[in-house]
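Student: target.tsv is reproduced below (TSV, C-alpha atoms and all ligand atoms).
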chain	number	residue	atom	x	y	z
A	418	MET	CA	88.25	79.02	73.26
A	419	LEU	CA	91.43	80.73	72.19
A	420	LYS	CA	94.55	78.64	72.60
A	421	LYS	CA	97.55	80.56	73.97
A	422	LYS	CA	101.18	79.69	74.56
A	423	VAL	CA	102.25	81.10	77.90
A	424	LEU	CA	105.86	81.29	79.05
A	425	VAL	CA	106.20	81.40	82.84
A	426	THR	CA	109.79	82.11	83.93
A	427	GLY	CA	110.85	80.99	87.40
A	428	GLY	CA	108.00	78.48	87.55
A	429	ALA	CA	110.04	76.10	89.74
A	430	GLY	CA	110.26	78.71	92.52
A	431	PHE	CA	107.76	79.79	95.15
A	432	ILE	CA	105.35	82.22	93.47
A	433	GLY	CA	106.02	81.07	89.89
A	434	GLY	CA	105.45	77.47	91.04
A	435	ASN	CA	102.05	78.31	92.52
A	436	PHE	CA	101.20	80.31	89.38
A	437	VAL	CA	102.09	77.39	87.06
A	438	GLN	CA	99.80	75.06	89.05
A	439	TYR	CA	97.01	77.65	88.98
A	440	MET	CA	97.33	78.25	85.21
A	441	VAL	CA	97.60	74.58	84.20
A	442	ASP	CA	94.38	73.86	86.13
A	443	LYS	CA	92.46	76.97	85.16
A	444	TYR	CA	93.33	77.05	81.46
A	445	PRO	CA	93.48	73.48	80.09
A	446	HIS	CA	93.36	74.90	76.55
A	447	TYR	CA	96.54	76.99	77.14
A	448	ASP	CA	100.03	75.54	76.77
A	449	ILE	CA	101.99	76.52	79.89
A	450	PHE	CA	105.79	76.52	79.51
A	451	ASN	CA	107.75	76.66	82.76
A	452	LEU	CA	111.27	77.96	82.07
A	453	ASP	CA	113.63	77.76	85.04
A	454	LEU	CA	117.35	77.36	85.67
A	455	LEU	CA	116.69	75.31	88.84
A	456	THR	CA	118.97	77.36	91.08
A	457	TYR	CA	119.03	76.65	94.84
A	458	ALA	CA	115.53	78.23	94.97
A	459	GLY	CA	113.87	76.08	92.30
A	460	ASP	CA	112.75	72.44	92.36
A	461	LEU	CA	110.50	70.21	90.32
A	462	MET	CA	109.28	68.10	93.26
A	463	LYS	CA	106.44	70.58	93.55
A	464	HIS	CA	105.27	69.77	90.01
A	465	ARG	CA	105.28	65.98	90.12
A	466	ASP	CA	101.50	66.00	89.63
A	467	LEU	CA	101.87	68.06	86.45
A	468	GLU	CA	104.25	65.71	84.62
A	469	GLN	CA	101.40	63.83	82.92
A	470	LYS	CA	99.44	66.94	81.92
A	471	GLU	CA	99.45	67.62	78.21
A	472	ASN	CA	99.32	71.39	78.61
A	473	TYR	CA	102.44	71.56	80.86
A	474	HIS	CA	106.00	71.78	79.51
A	475	PHE	CA	109.29	72.32	81.31
A	476	VAL	CA	112.40	73.96	79.85
A	477	LYS	CA	115.63	74.17	81.83
A	478	ALA	CA	117.42	77.37	80.78
A	479	ASP	CA	119.03	80.56	82.04
A	480	ILE	CA	116.98	83.68	81.20
A	481	ALA	CA	120.26	85.56	80.69
A	482	ASP	CA	121.43	83.13	77.98
A	483	ARG	CA	120.64	85.27	74.94
A	484	GLU	CA	121.16	82.64	72.26
A	485	VAL	CA	119.10	79.94	73.95
A	486	ILE	CA	116.26	82.34	74.82
A	487	LEU	CA	116.04	83.90	71.35
A	488	SER	CA	115.94	80.53	69.61
A	489	LEU	CA	113.31	79.20	72.05
A	490	PHE	CA	111.07	82.22	71.39
A	491	GLU	CA	111.53	81.80	67.60
A	492	LYS	CA	110.64	78.13	67.85
A	493	VAL	CA	107.60	78.27	70.16
A	494	GLN	CA	106.19	81.73	69.28
A	495	PHE	CA	104.80	82.50	72.76
A	496	ASP	CA	101.70	84.69	73.09
A	497	TYR	CA	102.25	85.71	76.71
A	498	VAL	CA	105.25	85.97	79.02
A	499	VAL	CA	104.80	86.09	82.79
A	500	HIS	CA	108.21	86.82	84.25
A	501	PHE	CA	108.95	85.67	87.81
A	502	ALA	CA	112.52	84.31	87.47
A	503	ALA	CA	114.86	86.25	89.73
A	504	GLU	CA	117.28	86.14	92.58
A	505	SER	CA	114.82	87.08	95.29
A	506	HIS	CA	116.42	87.10	98.75
A	507	VAL	CA	117.51	90.46	100.21
A	508	ASP	CA	120.08	88.89	102.58
A	509	ARG	CA	121.80	87.07	99.71
A	510	SER	CA	121.89	90.33	97.72
A	511	ILE	CA	123.76	92.00	100.59
A	512	THR	CA	126.38	89.23	100.58
A	513	ASP	CA	126.67	88.77	96.80
A	514	PRO	CA	125.01	91.47	94.66
A	515	GLY	CA	126.56	90.54	91.29
A	516	ILE	CA	124.28	87.61	90.46
A	517	PHE	CA	121.28	89.87	91.15
A	518	VAL	CA	122.37	92.21	88.36
A	519	GLN	CA	123.06	89.31	86.02
A	520	THR	CA	119.74	87.50	86.54
A	521	ASN	CA	117.35	90.31	87.39
A	522	VAL	CA	118.64	93.00	85.04
A	523	VAL	CA	120.43	91.21	82.18
A	524	GLY	CA	117.98	88.29	82.23
A	525	THR	CA	114.97	90.61	82.01
A	526	GLN	CA	116.50	92.52	79.09
A	527	VAL	CA	117.11	89.25	77.21
A	528	LEU	CA	113.45	88.25	77.68
A	529	LEU	CA	112.26	91.69	76.57
A	530	GLU	CA	114.38	91.54	73.44
A	531	ALA	CA	113.14	88.07	72.54
A	532	SER	CA	109.54	89.17	73.20
A	533	LYS	CA	109.99	92.18	70.94
A	534	GLN	CA	111.51	90.10	68.17
A	535	ILE	CA	108.58	87.69	67.91
A	536	GLY	CA	105.87	90.26	68.78
A	537	ILE	CA	104.16	88.82	71.85
A	538	SER	CA	100.70	89.97	73.01
A	539	LYS	CA	101.54	90.64	76.68
A	540	PHE	CA	104.62	90.70	78.93
A	541	VAL	CA	103.79	90.74	82.65
A	542	HIS	CA	106.79	91.66	84.75
A	543	VAL	CA	106.42	90.54	88.36
A	544	SER	CA	108.17	93.10	90.51
A	545	THR	CA	108.08	94.11	94.15
A	546	ASP	CA	106.94	96.94	96.42
A	547	GLU	CA	110.58	97.07	97.62
A	548	VAL	CA	111.43	99.22	94.57
A	549	TYR	CA	109.63	102.09	96.36
A	550	GLY	CA	112.07	101.94	99.27
A	551	GLU	CA	110.67	102.14	102.79
A	552	LEU	CA	107.83	103.89	104.60
A	553	ASP	CA	108.01	105.18	108.15
A	554	PHE	CA	105.67	103.83	110.84
A	555	ASP	CA	102.83	106.30	110.14
A	556	PRO	CA	99.95	103.85	109.41
A	557	THR	CA	98.20	106.29	107.08
A	558	THR	CA	101.00	106.22	104.47
A	559	PHE	CA	101.07	103.68	101.63
A	560	PHE	CA	102.94	102.96	98.40
A	561	THR	CA	100.88	103.89	95.33
A	562	GLU	CA	101.87	103.36	91.70
A	563	ASP	CA	103.06	107.02	91.70
A	564	THR	CA	105.43	106.67	94.65
A	565	PRO	CA	108.99	107.47	93.49
A	566	ILE	CA	111.29	104.51	92.89
A	567	GLN	CA	113.89	104.57	95.70
A	568	PRO	CA	115.27	101.06	96.24
A	569	ASN	CA	117.55	100.51	99.23
A	570	SER	CA	118.99	96.98	98.87
A	571	PRO	CA	120.95	95.49	95.98
A	572	TYR	CA	117.95	93.17	95.46
A	573	SER	CA	115.41	95.98	95.19
A	574	ALA	CA	117.81	98.07	93.09
A	575	SER	CA	118.15	95.22	90.59
A	576	LYS	CA	114.35	94.82	90.46
A	577	ALA	CA	113.93	98.58	89.98
A	578	ALA	CA	116.43	98.50	87.11
A	579	SER	CA	114.48	95.66	85.50
A	580	ASP	CA	111.19	97.59	85.93
A	581	LEU	CA	112.71	100.56	84.10
A	582	LEU	CA	113.89	98.35	81.25
A	583	VAL	CA	110.39	96.89	80.94
A	584	ARG	CA	108.94	100.40	80.87
A	585	SER	CA	111.48	101.46	78.22
A	586	TYR	CA	110.52	98.57	75.91
A	587	HIS	CA	106.94	99.80	76.10
A	588	GLU	CA	107.76	103.47	75.58
A	589	THR	CA	110.35	102.89	72.85
A	590	TYR	CA	109.13	99.84	70.94
A	591	GLY	CA	105.47	99.65	71.99
A	592	LEU	CA	105.91	96.24	73.64
A	593	PRO	CA	102.59	95.45	75.44
A	594	ILE	CA	103.63	95.22	79.07
A	595	ASN	CA	102.36	95.39	82.62
A	596	ILE	CA	104.43	95.70	85.76
A	597	THR	CA	103.05	94.34	89.04
A	598	ARG	CA	104.51	95.32	92.41
A	599	CYS	CA	103.39	93.15	95.26
A	600	SER	CA	104.00	92.99	98.98
A	601	ASN	CA	105.55	90.03	100.83
A	602	ASN	CA	104.01	86.74	99.73
A	603	TYR	CA	103.54	83.67	101.92
A	604	GLY	CA	101.94	80.25	101.47
A	605	PRO	CA	102.80	76.74	100.21
A	606	TYR	CA	106.28	76.06	98.78
A	607	HIS	CA	107.84	79.22	100.24
A	608	PHE	CA	111.58	78.57	100.45
A	609	PRO	CA	112.66	78.26	104.11
A	610	GLU	CA	115.20	81.11	103.98
A	611	LYS	CA	112.38	83.70	104.15
A	612	LEU	CA	110.85	84.80	107.48
A	613	ILE	CA	107.58	82.82	107.58
A	614	PRO	CA	108.76	79.38	106.35
A	615	LEU	CA	112.04	79.80	108.27
A	616	THR	CA	110.06	80.39	111.46
A	617	ILE	CA	107.64	77.52	110.88
A	618	SER	CA	110.38	75.01	110.05
A	619	ARG	CA	112.60	76.05	112.95
A	620	VAL	CA	109.79	76.14	115.51
A	621	LEU	CA	108.69	72.67	114.41
A	622	ASN	CA	112.28	71.50	115.06
A	623	ASP	CA	112.45	73.37	118.42
A	624	GLN	CA	115.23	75.58	117.07
A	625	LYS	CA	115.80	79.26	117.83
A	626	VAL	CA	114.17	81.77	115.46
A	627	PRO	CA	116.48	84.67	114.50
A	628	VAL	CA	114.64	88.01	114.60
A	629	TYR	CA	116.58	90.94	113.17
A	630	GLY	CA	117.00	94.08	115.30
A	631	ASP	CA	114.03	94.75	117.59
A	632	GLY	CA	111.50	92.86	115.43
A	633	LYS	CA	109.41	96.00	114.91
A	634	ASN	CA	109.86	96.25	111.12
A	635	ILE	CA	106.54	95.92	109.30
A	636	ARG	CA	105.67	93.91	106.20
A	637	ASP	CA	102.28	93.70	104.40
A	638	TRP	CA	101.55	89.99	103.85
A	639	LEU	CA	99.83	88.66	100.72
A	640	HIS	CA	98.80	85.03	100.32
A	641	VAL	CA	100.43	83.58	97.22
A	642	LEU	CA	97.10	82.34	95.78
A	643	ASP	CA	95.66	85.86	95.97
A	644	HIS	CA	98.76	87.00	94.14
A	645	CYS	CA	98.25	84.36	91.40
A	646	ILE	CA	94.64	85.49	90.90
A	647	ALA	CA	95.83	89.10	90.62
A	648	ILE	CA	98.46	88.27	88.00
A	649	ASP	CA	95.93	86.28	85.96
A	650	LEU	CA	93.67	89.36	86.00
A	651	VAL	CA	96.50	91.70	84.96
A	652	LEU	CA	97.60	89.30	82.21
A	653	HIS	CA	94.11	89.21	80.67
A	654	GLU	CA	92.60	92.58	81.65
A	655	GLY	CA	95.49	94.87	82.59
A	656	VAL	CA	95.65	98.08	80.58
A	657	THR	CA	98.78	97.94	78.44
A	658	GLY	CA	101.69	99.94	79.83
A	659	GLU	CA	100.22	100.20	83.35
A	660	VAL	CA	101.77	99.39	86.73
A	661	TYR	CA	99.57	97.63	89.33
A	662	ASN	CA	100.34	97.39	93.05
A	663	ILE	CA	99.18	94.18	94.76
A	664	GLY	CA	98.84	94.10	98.53
A	665	GLY	CA	96.96	92.11	101.13
A	666	HIS	CA	96.04	94.85	103.68
A	667	ASN	CA	97.80	92.70	106.27
A	668	GLU	CA	100.45	94.76	108.01
A	669	LYS	CA	102.28	92.97	110.81
A	670	THR	CA	105.51	93.52	112.68
A	671	ASN	CA	107.99	90.68	112.30
A	672	LEU	CA	107.59	89.93	115.99
A	673	GLU	CA	103.80	89.60	115.60
A	674	VAL	CA	104.32	87.15	112.73
A	675	VAL	CA	106.80	85.03	114.68
A	676	LYS	CA	104.66	85.04	117.84
A	677	THR	CA	101.55	84.02	115.87
A	678	ILE	CA	103.40	81.02	114.42
A	679	ILE	CA	104.84	80.01	117.80
A	680	SER	CA	101.47	80.17	119.54
A	681	THR	CA	99.65	78.33	116.72
A	682	LEU	CA	102.19	75.52	117.05
A	683	GLY	CA	101.86	75.54	120.86
A	684	LYS	CA	105.54	76.32	121.47
A	685	SER	CA	107.34	78.75	123.79
A	686	GLU	CA	108.34	82.32	122.94
A	687	ASP	CA	111.74	81.45	124.45
A	688	LEU	CA	112.54	80.24	120.93
A	689	ILE	CA	112.79	83.88	119.80
A	690	GLU	CA	116.37	85.09	119.49
A	691	PHE	CA	117.08	88.73	118.67
A	692	VAL	CA	120.09	88.89	116.35
A	693	LYS	CA	122.12	91.59	114.63
A	694	ASP	CA	120.00	93.74	112.33
A	695	ARG	CA	120.06	93.41	108.53
A	696	LEU	CA	122.15	96.14	106.85
A	697	GLY	CA	119.91	98.91	105.46
A	698	HIS	CA	116.84	97.11	106.87
A	699	ASP	CA	113.70	98.75	105.39
A	700	LYS	CA	111.35	99.82	108.19
A	701	ARG	CA	107.93	99.33	106.68
A	702	TYR	CA	106.21	98.28	103.45
A	703	ALA	CA	102.48	98.85	102.89
A	704	ILE	CA	100.54	98.87	99.65
A	705	ASP	CA	97.56	100.82	98.42
A	706	PRO	CA	96.00	98.33	95.94
A	707	THR	CA	93.07	100.58	94.90
A	708	LYS	CA	94.01	100.56	91.22
A	709	LEU	CA	93.95	96.76	91.01
A	710	GLU	CA	90.75	96.60	93.08
A	711	LYS	CA	89.12	98.83	90.45
A	712	LEU	CA	90.12	96.23	87.86
A	713	GLY	CA	88.13	93.65	89.88
A	714	TRP	CA	90.50	92.04	92.42
A	715	GLU	CA	90.38	91.69	96.18
A	716	PRO	CA	92.29	89.37	98.51
A	717	THR	CA	90.39	86.28	99.60
A	718	TYR	CA	92.65	85.49	102.58
A	719	THR	CA	93.02	87.51	105.78
A	720	PHE	CA	96.37	87.07	107.50
A	721	GLU	CA	94.65	84.88	110.10
A	722	THR	CA	93.10	82.45	107.58
A	723	GLY	CA	96.21	82.49	105.40
A	724	ILE	CA	98.74	81.82	108.12
A	725	ALA	CA	96.62	78.98	109.54
A	726	GLN	CA	96.43	77.37	106.07
A	727	THR	CA	100.16	77.87	105.55
A	728	ILE	CA	101.19	76.37	108.89
A	729	GLN	CA	98.96	73.36	108.17
A	730	TRP	CA	100.58	73.01	104.74
A	731	TYR	CA	104.07	72.90	106.29
A	732	LEU	CA	102.85	70.28	108.78
A	733	ASP	CA	101.45	68.18	105.91
A	734	ASN	CA	104.46	68.62	103.59
A	735	LYS	CA	107.48	68.07	105.82
A	736	GLU	CA	109.12	65.91	103.17
A	737	TRP	CA	109.47	68.94	100.85
A	738	TRP	CA	111.04	71.40	103.27
A	739	GLU	CA	113.09	68.83	105.23
A	740	GLN	CA	114.82	67.83	102.01
A	741	ILE	CA	115.79	71.49	101.53
A	742	ILE	CA	116.97	72.29	105.03
A	743	ASN	CA	119.00	69.09	105.24
A	744	GLY	CA	120.95	69.91	102.05
A	745	GLU	CA	123.18	72.82	100.95
A	746	TYR	CA	120.86	75.15	102.90
A	747	GLN	CA	122.68	74.19	106.12
A	748	ASN	CA	125.87	75.89	104.88
A	749	TYR	CA	123.88	78.98	103.90
A	750	PHE	CA	122.22	79.17	107.31
A	751	GLU	CA	125.49	78.81	109.22
A	752	LYS	CA	127.21	81.50	107.15
A	753	GLN	CA	124.27	83.92	107.20
A	754	TYR	CA	123.57	83.78	110.91
A	755	SER	CA	127.14	83.55	112.24
A	756	LYS	CA	127.90	87.09	111.05
A	801	LIG	P1	112.09	82.27	94.30
A	801	LIG	O1	113.48	82.67	94.70
A	801	LIG	O2	111.31	81.34	95.16
A	801	LIG	O3	112.13	81.61	92.85
A	801	LIG	C1	112.90	82.12	91.80
A	801	LIG	C2	112.92	81.10	90.69
A	801	LIG	O4	113.67	81.67	89.61
A	801	LIG	C3	113.62	79.79	91.08
A	801	LIG	O5	112.86	78.69	90.62
A	801	LIG	C4	114.95	79.86	90.35
A	801	LIG	O6	115.45	78.59	89.98
A	801	LIG	C5	114.58	80.69	89.12
A	801	LIG	N1	115.75	81.38	88.54
A	801	LIG	C6	116.69	82.09	89.20
A	801	LIG	N2	117.61	82.54	88.32
A	801	LIG	C7	117.24	82.11	87.10
A	801	LIG	C8	117.77	82.27	85.79
A	801	LIG	N3	118.91	82.96	85.59
A	801	LIG	N4	117.10	81.72	84.74
A	801	LIG	C9	115.96	81.02	84.95
A	801	LIG	N5	115.42	80.82	86.16
A	801	LIG	C10	116.05	81.37	87.22
A	801	LIG	O7	111.33	83.65	94.08
A	801	LIG	P2	109.81	84.02	94.42
A	801	LIG	O8	109.73	84.37	95.87
A	801	LIG	O9	108.90	83.00	93.86
A	801	LIG	O10	109.67	85.38	93.61
A	801	LIG	C11	109.24	85.36	92.25
A	801	LIG	C12	109.22	86.78	91.73
A	801	LIG	O11	108.36	87.59	92.53
A	801	LIG	C13	110.60	87.46	91.75
A	801	LIG	O12	110.75	88.20	90.59
A	801	LIG	C14	110.53	88.37	92.98
A	801	LIG	O13	111.35	89.50	92.80
A	801	LIG	C15	109.05	88.73	93.00
A	801	LIG	N6	108.53	89.03	94.34
A	801	LIG	C16	108.57	88.11	95.34
A	801	LIG	C17	108.03	88.42	96.59
A	801	LIG	C18	108.01	87.43	97.71
A	801	LIG	O14	107.49	87.75	98.78
A	801	LIG	N7	108.51	86.22	97.56
A	801	LIG	C19	107.46	89.67	96.82
A	801	LIG	C20	107.46	90.61	95.78
A	801	LIG	C21	107.97	90.26	94.54
A	802	LIG	P1	112.13	88.28	104.23
A	802	LIG	O1	111.21	87.12	104.39
A	802	LIG	O2	113.57	88.01	103.94
A	802	LIG	O3	111.49	89.23	103.14
A	802	LIG	P2	111.87	90.78	102.73
A	802	LIG	O4	113.23	91.08	103.22
A	802	LIG	O5	111.81	90.71	101.25
A	802	LIG	O6	110.82	91.63	103.35
A	802	LIG	O7	112.08	89.13	105.56
A	802	LIG	C1	110.84	89.61	106.08
A	802	LIG	C2	111.14	90.43	107.32
A	802	LIG	O8	111.66	89.55	108.33
A	802	LIG	C3	112.23	91.49	107.11
A	802	LIG	O9	111.90	92.64	107.86
A	802	LIG	C4	113.49	90.85	107.67
A	802	LIG	C5	112.95	89.95	108.77
A	802	LIG	N1	113.73	88.72	109.02
A	802	LIG	C6	114.13	88.40	110.32
A	802	LIG	O10	113.86	89.14	111.30
A	802	LIG	N2	114.84	87.25	110.52
A	802	LIG	C7	115.18	86.42	109.49
A	802	LIG	O11	115.86	85.38	109.74
A	802	LIG	C8	114.75	86.75	108.17
A	802	LIG	C9	115.10	85.85	107.00
A	802	LIG	C10	114.01	87.90	107.98
Is it possible to give me this structure as structure tokens?

Tutor:
Amino acid sequence: MLKKKVLVTGGAGFIGGNFVQYMVDKYPHYDIFNLDLLTYAGDLMKHRDLEQKENYHFVKADIADREVILSLFEKVQFDYVVHFAAESHVDRSITDPGIFVQTNVVGTQVLLEASKQIGISKFVHVSTDEVYGELDFDPTTFFTEDTPIQPNSPYSASKAASDLLVRSYHETYGLPINITRCSNNYGPYHFPEKLIPLTISRVLNDQKVPVYGDGKNIRDWLHVLDHCIAIDLVLHEGVTGEVYNIGGHNEKTNLEVVKTIISTLGKSEDLIEFVKDRLGHDKRYAIDPTKLEKLGWEPTYTFETGIAQTIQWYLDNKEWWEQIINGEYQNYFEKQYSK
């Protein structure tokens, strides 16, 4: 079996963390390097079981630190890069866009340059369907890989800029890349600032759940493990230079999501609190994943099986999320929701 050195950036966060676990287990003959700055969104508690594994390595670094990244690439000579590291929360990008440009745009360019210099075999850039902007509520419309890029938030604009840089390194220098654009993920280790884990953790504590606007905005939910399987497929089988959309065929209004969680936990819908809408709130996201399905992928979770598994996970892993919501997160929550 071919041994590969795989750099996973942002592997202490939600999706990257699940991907690191998946890769370390699935490919014992690969060396998996998790590079992460450990911002507010990253933690290593989730990888305690990996510490003894010989094929797992952790590097604390900033992807935008050119010198450190270039010398690491020279030293290790990675074969593959799977790039998750980012500032990822739309609400934070509305309050403080600058760090989104620094991490998502500058950081991606630094990784591309280092990848070009050592000549890696594949760079998978994990992006988002939010770069396509928003759809209206017509259920027959979907984002395809040919939908024009029209980001609306500082977060999605920074991701779109990084996508275009990735594309340019392919077109200009022939760097072997893929770009994946997925819908909203959910599942274990989702940071409790995002809708689903925020709702689960607050309902479990009998606290009000803030729903923006009228709660009718639609998201297409993808279980994080289905996303990991898709990225593995793109890494190994994706046609160089191609973009792949990844979506779960699970469109729900925010209110449906919140009500499902409340009823599964046997609590009252009185916990729902309608609050001021998010600025520039995208109406609807929905993905047409036909291109990836042709490559041999399909989601294994429905929303119903996935949300049940996720709620159970949060019940079984209170220690992880309680530690987060009892820390600095409290200040964030007060500031964000007092506006
Ligand atoms: P996350 O916020 O949970 O994790 C991000 C990780 O990146 C954290 O561990 C953080 O410490 C690390 N990081 C941040 N800045 C860094 C820097 N300068 N250098 C090194 N590490 C840094 O994010 P996530 O939800 O796991 O998302 C991962 C990727 O997937 C992102 O690129 C995001 O844009 C994309 N994405 C996420 C979703 C979703 O629903 N969560 C949907 C579509 C696309
Ligand atoms: P979020 O989980 O932040 O993901 P994204 O903005 O990337 O889609 O939000 C999902 C949806 O839930 C989005 O329409 C905004 C809404 N939302 C709320 O209604 N209340 C909240 O407290 C949060 C965080 C999100």

Student: Which residues form the shell of 9 Å around ligand LIG 802 (chain A) when you count only C-alpha atoms and all ligand atoms, given as a PyMOL selection string?

Tutor: chain A and resi 505-508+545+547+572-573+600-603+609-616+626-637+670-672+674-675+691-692+694-695+698-702+753-754

Student: Could the residues that lie within 7 Å of ligand LIG 801 (chain A), counting all atoms listed in the file, be listed as a VMD selection string?

Tutor: chain A and resid 426 to 433 452 to 460 478 to 481 500 to 506 520 524 543 to 546 576 598 to 603 607 to 608

Student: Report as JSON, numbers by chain all protein, DNA and RNA residues lying within 10 Å of Gly683 (chain A), evaluated on only C-alpha atoms, omitting residues in the same chain fewer than 6 positions from it.

Tutor: {"A": [620, 621, 677]}

Student: Record the distance separating CA of Leu487 (chain A) and CA of Cys645 (chain A), expressed in Å with one decimal.

Tutor: 26.8 Å

Student: A:Ser575, A:Ile742, A:Lys684, A:Phe559: which is nearest His666 (chain A), counting all atoms listed in the file?

Tutor: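 The closest residue to His666 (chain A) is A:Phe559.
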
Student: Select from region 507-609 of chain A every residue with an atom at most 9 Å from any atom of region 721-731 of chain A, then for each give the shortest pair of atoms and their distance in Å to one decimal, using all atoms listed in the file, rows by chain and rising number, as a Markdown table.

Tutor:
| residue | atom | partner | partner_atom | distance |
| --- | --- | --- | --- | --- |
| A:Tyr603 | CA | A:Thr727 | CA | 7.6 |
| A:Gly604 | CA | A:Thr727 | CA | 5.0 |
| A:Pro605 | CA | A:Thr727 | CA | 6.1 |
| A:Tyr606 | CA | A:Tyr731 | CA | 8.4 |

Student: Which one is closest to Phe436 (chain A): A:Thr525, A:Leu642, A:Leu552, A:Gln567? Count only C-alpha atoms.

Tutor: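 Comparing A:Thr525, A:Leu642, A:Leu552, A:Gln567 against Phe436 (chain A), the winner is A:Leu642.
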
Student: One decimal, in Å: what's the spacing between CA of Arg509 (chain A) and CA of Ser618 (chain A)?

Tutor: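 Taking CA of Arg509 (chain A) and CA of Ser618 (chain A), their separation equals 19.6 Å.
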
Student: Could I get region 665-670 of chain A rebuilt with all heavy atoms, written as a compact mmCIF listing (two decimals), in the coordinates of the input?

Tutor:
# COMPACT_ATOMS: atom_id res chain seq x y z
N GLY A 665 97.98 92.88 100.42
CA GLY A 665 96.96 92.11 101.13
C GLY A 665 96.27 92.85 102.26
O GLY A 665 95.43 92.26 102.94
N HIS A 666 96.58 94.13 102.52
CA HIS A 666 96.04 94.85 103.68
C HIS A 666 96.31 94.09 104.97
O HIS A 666 95.45 93.95 105.83
CB HIS A 666 94.51 95.03 103.57
CG HIS A 666 94.08 96.02 102.53
ND1 HIS A 666 94.49 97.33 102.54
CD2 HIS A 666 93.28 95.89 101.45
CE1 HIS A 666 93.95 97.97 101.51
NE2 HIS A 666 93.22 97.11 100.83
N ASN A 667 97.48 93.51 105.09
CA ASN A 667 97.80 92.70 106.27
C ASN A 667 99.14 93.12 106.85
O ASN A 667 100.12 92.39 106.76
CB ASN A 667 97.90 91.22 105.88
CG ASN A 667 96.56 90.61 105.59
OD1 ASN A 667 95.64 90.75 106.37
ND2 ASN A 667 96.46 89.94 104.45
N GLU A 668 99.17 94.30 107.45
CA GLU A 668 100.45 94.76 108.01
C GLU A 668 100.70 94.14 109.37
O GLU A 668 99.82 94.16 110.24
CB GLU A 668 100.40 96.28 108.17
CG GLU A 668 100.53 97.03 106.88
CD GLU A 668 100.58 98.53 107.12
OE1 GLU A 668 101.43 98.98 107.91
OE2 GLU A 668 99.75 99.23 106.54
N LYS A 669 101.90 93.58 109.52
CA LYS A 669 102.28 92.97 110.81
C LYS A 669 103.74 93.29 111.08
O LYS A 669 104.55 93.32 110.14
CB LYS A 669 102.16 91.43 110.73
CG LYS A 669 100.81 90.89 110.35
CD LYS A 669 99.85 90.91 111.52
CE LYS A 669 98.44 90.56 111.04
NZ LYS A 669 97.39 91.09 111.90
N THR A 670 104.08 93.45 112.36
CA THR A 670 105.51 93.52 112.68
C THR A 670 106.06 92.09 112.57
O THR A 670 105.32 91.10 112.71
CB THR A 670 105.77 94.03 114.11
OG1 THR A 670 105.26 93.07 115.04
CG2 THR A 670 105.12 95.39 114.36
